[in-house]
Amino acid sequence: WVIPMDENSMCVGKYGDGRLFYEFDWCVEEEKSMSSEDSIEKSRELIKPSKWTKMIAANKNVECIDVDGDGDLDAWHNKAMKVMGGDFEIACSEIDAYEQKVKKAKEEGSIVHKGCQKLPEINCLGLSGVDACRMIKEMVPYPNKDGKNMECFLQYLPDSPKKAEIERDLIKINEPPRNKVVIYAKLETNRVISIPRMTGPDARIGAQ
């Protein structure tokens, strides 16, 4: 699930109004969460945090208010680098939004059941990109028929000042960004799931 964020690492949705969409059916064979670590790792093999996220953002400590008071917020944030892909930093959600959305999703449990179903549009305004992913994980806890968990790919908006900051940081640590074409696709279905885009310091048609 692609989660667009602003420069503060807050979820803004596909059109800037907080709405997130998943465009394909989610087919469940068994209402049972994936427990095998090997299977979980295989599920995540196509979605990895960027080099910038692993080398720069991972070193930043952010303390957020644990609305539930059960200590699991820190645990979730600590494992964010393993369960999400793309460029992102940990940020704190707005308390009211967290209570109304993430806490509610946790209490209500799965929205998917055995069989195939369309996933509803959800609204992530007020949530950090990481916590928006957590909400999705609470809502879709079961793997699909291909043995894949729902995964999140967090990305800053193309015109975000964060993009330029990331490029400067990578140059400082001798990991200069390169132009590349990013194609969002599902390997198991050979289907492109979003419009491909070029990224990098000289991202334009005709660039090398």
# chains A, B, ... in the order shown; residues from 1 in each chain; ligands from 1
call {"tool": "select_by_dssp", "arguments": {"residues": "range 9-100 of chain A", "states": "strand (DSSP E or B)", "output": "list of chain:residue names"}}
result
A:Met10, A:Cys11, A:Arg19, A:Leu20, A:Trp26, A:Cys27, A:Val28, A:Pro49, A:Met84, A:Gly85, A:Gly86
call {"tool": "residues_around", "arguments": {"residues": "Val12 in chain A", "least_positions_apart": "6", "cutoff": "10 Å", "atoms": "only C-alpha atoms", "output": "list in words"}}
result
Ile3, Pro4, Met5, Asp6, Gly18, Arg19, Leu20, Asn123, Cys124, Leu125, Gly126, Leu127, Ser128, Gly129, Ala132, Tyr156 and Leu157 of chain A
call {"tool": "write_last_selection", "arguments": {"atoms": "N, CA, C and O atoms", "output": "short mmCIF file (atom, residue, chain, number, x, y, z; two decimals), in the first residue's frame"}}
result
data_model
loop_
_atom_site.label_atom_id
_atom_site.label_comp_id
_atom_site.auth_asym_id
_atom_site.auth_seq_id
_atom_site.Cartn_x
_atom_site.Cartn_y
_atom_site.Cartn_z
N ILE A 3 1.93 4.93 0.65
CA ILE A 3 1.51 5.97 1.58
C ILE A 3 2.30 7.25 1.30
O ILE A 3 3.47 7.38 1.69
N PRO A 4 1.69 8.23 0.61
CA PRO A 4 2.38 9.51 0.35
C PRO A 4 2.44 10.34 1.63
O PRO A 4 1.48 10.39 2.41
N MET A 5 3.59 11.02 1.83
CA MET A 5 3.79 11.83 3.04
C MET A 5 4.27 13.23 2.67
O MET A 5 4.86 13.44 1.62
N ASP A 6 4.04 14.17 3.61
CA ASP A 6 4.60 15.51 3.43
C ASP A 6 5.99 15.55 4.05
O ASP A 6 6.50 14.54 4.53
N GLY A 18 -5.88 13.05 2.46
CA GLY A 18 -5.84 11.99 3.45
C GLY A 18 -6.36 10.64 2.99
O GLY A 18 -6.20 9.64 3.67
N ARG A 19 -6.96 10.59 1.81
CA ARG A 19 -7.56 9.32 1.37
C ARG A 19 -6.51 8.38 0.77
O ARG A 19 -5.67 8.78 -0.01
N LEU A 20 -6.59 7.13 1.21
CA LEU A 20 -5.72 6.08 0.70
C LEU A 20 -6.57 4.99 0.06
O LEU A 20 -7.64 4.65 0.58
N ASN A 123 -8.91 6.96 5.60
CA ASN A 123 -8.42 8.33 5.73
C ASN A 123 -7.32 8.37 6.78
O ASN A 123 -7.51 7.91 7.90
N CYS A 124 -6.16 8.91 6.38
CA CYS A 124 -5.00 8.89 7.26
C CYS A 124 -4.62 10.27 7.80
O CYS A 124 -3.57 10.40 8.45
N LEU A 125 -5.42 11.29 7.55
CA LEU A 125 -5.06 12.64 8.00
C LEU A 125 -4.83 12.65 9.50
O LEU A 125 -5.60 12.08 10.27
N GLY A 126 -3.76 13.31 9.91
CA GLY A 126 -3.43 13.39 11.33
C GLY A 126 -2.51 12.28 11.80
O GLY A 126 -1.99 12.33 12.91
N LEU A 127 -2.29 11.28 10.94
CA LEU A 127 -1.40 10.18 11.29
C LEU A 127 -0.05 10.34 10.60
O LEU A 127 0.03 10.83 9.47
N SER A 128 0.99 9.91 11.27
CA SER A 128 2.28 9.84 10.60
C SER A 128 2.21 8.73 9.56
O SER A 128 1.33 7.86 9.62
N GLY A 129 3.14 8.74 8.60
CA GLY A 129 3.14 7.68 7.61
C GLY A 129 3.30 6.31 8.25
O GLY A 129 2.64 5.34 7.86
N ALA A 132 0.06 5.35 9.95
CA ALA A 132 -0.95 5.00 8.95
C ALA A 132 -0.75 3.55 8.51
O ALA A 132 -1.71 2.80 8.33
N TYR A 156 7.91 10.36 0.19
CA TYR A 156 7.64 11.79 0.25
C TYR A 156 7.13 12.25 -1.11
O TYR A 156 7.46 11.68 -2.14
N LEU A 157 6.32 13.29 -1.10
CA LEU A 157 5.79 13.83 -2.35
C LEU A 157 6.95 14.29 -3.25
O LEU A 157 7.96 14.79 -2.75
#
call {"tool": "closest_residue", "arguments": {"among": "A:Gln100, A:Ser9, A:Asn144, A:Ser160", "to": "Ala57 in chain A", "atoms": "only C-alpha atoms"}}
result
A:Ser9
call {"tool": "residues_around", "arguments": {"residues": "range 27-36 of chain A", "least_positions_apart": "6", "cutoff": "12 Å", "atoms": "only C-alpha atoms", "output": "short mmCIF file (atom, residue, chain, number, x, y, z; two decimals) with C-alpha atoms, in the first residue's frame"}}
result
data_model
loop_
_atom_site.label_atom_id
_atom_site.label_comp_id
_atom_site.auth_asym_id
_atom_site.auth_seq_id
_atom_site.Cartn_x
_atom_site.Cartn_y
_atom_site.Cartn_z
CA LYS A 42 9.79 -13.49 2.12
CA SER A 43 6.63 -11.40 2.15
CA GLY A 109 -9.80 -5.90 14.40
CA SER A 110 -9.71 -7.30 10.90
CA ILE A 111 -11.83 -5.92 8.07
CA VAL A 112 -10.92 -8.87 5.82
CA HIS A 113 -12.34 -12.37 5.99
CA LYS A 114 -12.04 -15.65 4.13
CA GLY A 115 -12.61 -15.10 0.43
CA CYS A 116 -11.96 -12.11 -1.83
CA GLN A 117 -12.94 -8.57 -0.96
CA LYS A 118 -12.39 -4.97 -2.01
CA LEU A 119 -10.60 -2.95 0.66
CA LYS A 137 -1.77 -3.65 9.40
CA GLU A 138 -4.43 -3.81 12.13
CA MET A 139 -7.18 -3.77 9.51
CA VAL A 140 -5.56 -6.34 7.19
CA PRO A 141 -3.73 -8.83 9.45
CA TYR A 142 -4.10 -11.92 7.25
CA PRO A 143 -1.89 -12.79 4.28
CA ASN A 144 -3.42 -13.10 0.85
CA LYS A 145 -3.73 -16.32 -1.14
CA ASP A 146 -0.19 -15.80 -2.48
CA GLY A 147 1.23 -15.84 1.05
CA LYS A 148 1.98 -12.12 1.13
CA ASN A 149 1.23 -9.82 4.04
CA MET A 150 -0.09 -6.35 3.32
#
call {"tool": "closest_residue", "arguments": {"among": "A:Ile95, A:Asp159, A:Lys51, A:Lys103", "to": "Glu175 in chain A", "atoms": "only C-alpha atoms"}}
result
A:Lys51
call {"tool": "residues_around", "arguments": {"residues": "Arg134 in chain A", "least_positions_apart": "4", "cutoff": "8 Å", "atoms": "only C-alpha atoms", "output": "ChimeraX atom specification"}}
result
/A:76,102,130,138
call {"tool": "write_last_selection", "arguments": {"atoms": "N, CA and C atoms", "output": "CSV table (one decimal), in the first residue's frame"}}
result
chain,number,residue,atom,x,y,z
A,76,TRP,N,6.5,-0.8,18.0
A,76,TRP,CA,6.1,-0.6,16.6
A,76,TRP,C,7.0,0.3,15.8
A,102,VAL,N,-6.1,4.7,14.7
A,102,VAL,CA,-5.3,3.6,15.0
A,102,VAL,C,-5.8,2.7,16.1
A,130,VAL,N,4.2,6.2,9.3
A,130,VAL,CA,4.4,5.0,10.0
A,130,VAL,C,3.1,4.5,10.7
A,138,GLU,N,-3.4,-3.4,11.2
A,138,GLU,CA,-4.4,-3.8,12.1
A,138,GLU,C,-5.7,-4.2,11.4
call {"tool": "closest_atom_pairs", "arguments": {"of": "range 153-175 of chain A", "to": "range 82-86 of chain A", "cutoff": "12 Å", "atoms": "only C-alpha atoms", "output": "Markdown table"}}
result
| residue | atom | partner | partner_atom | distance |
| --- | --- | --- | --- | --- |
| A:Phe153 | CA | A:Gly85 | CA | 4.5 |
| A:Leu154 | CA | A:Gly86 | CA | 5.1 |
| A:Gln155 | CA | A:Gly86 | CA | 5.6 |
| A:Tyr156 | CA | A:Gly86 | CA | 8.7 |
| A:Leu157 | CA | A:Gly86 | CA | 11.7 |
| A:Lys163 | CA | A:Gly86 | CA | 12.0 |
| A:Ile166 | CA | A:Gly86 | CA | 11.9 |
call {"tool": "write_last_selection", "arguments": {"atoms": "C-alpha atoms", "output": "mmCIF file, in the first residue's frame"}}
result
data_model
loop_
_atom_site.group_PDB
_atom_site.id
_atom_site.type_symbol
_atom_site.label_atom_id
_atom_site.label_comp_id
_atom_site.auth_asym_id
_atom_site.auth_seq_id
_atom_site.Cartn_x
_atom_site.Cartn_y
_atom_site.Cartn_z
ATOM 1 C CA PHE A 153 5.683 1.746 0.899
ATOM 2 C CA LEU A 154 6.189 5.230 2.344
ATOM 3 C CA GLN A 155 7.304 8.030 0.065
ATOM 4 C CA TYR A 156 7.641 11.787 0.245
ATOM 5 C CA LEU A 157 5.791 13.827 -2.349
ATOM 6 C CA LYS A 163 13.489 15.065 -1.584
ATOM 7 C CA ILE A 166 17.628 13.333 0.999
#
call {"tool": "select_by_dssp", "arguments": {"residues": "range 108-180 of chain A", "states": "helix (DSSP H, G or I)", "output": "PyMOL selection string"}}
result
chain A and resi 108+129-139+161-172
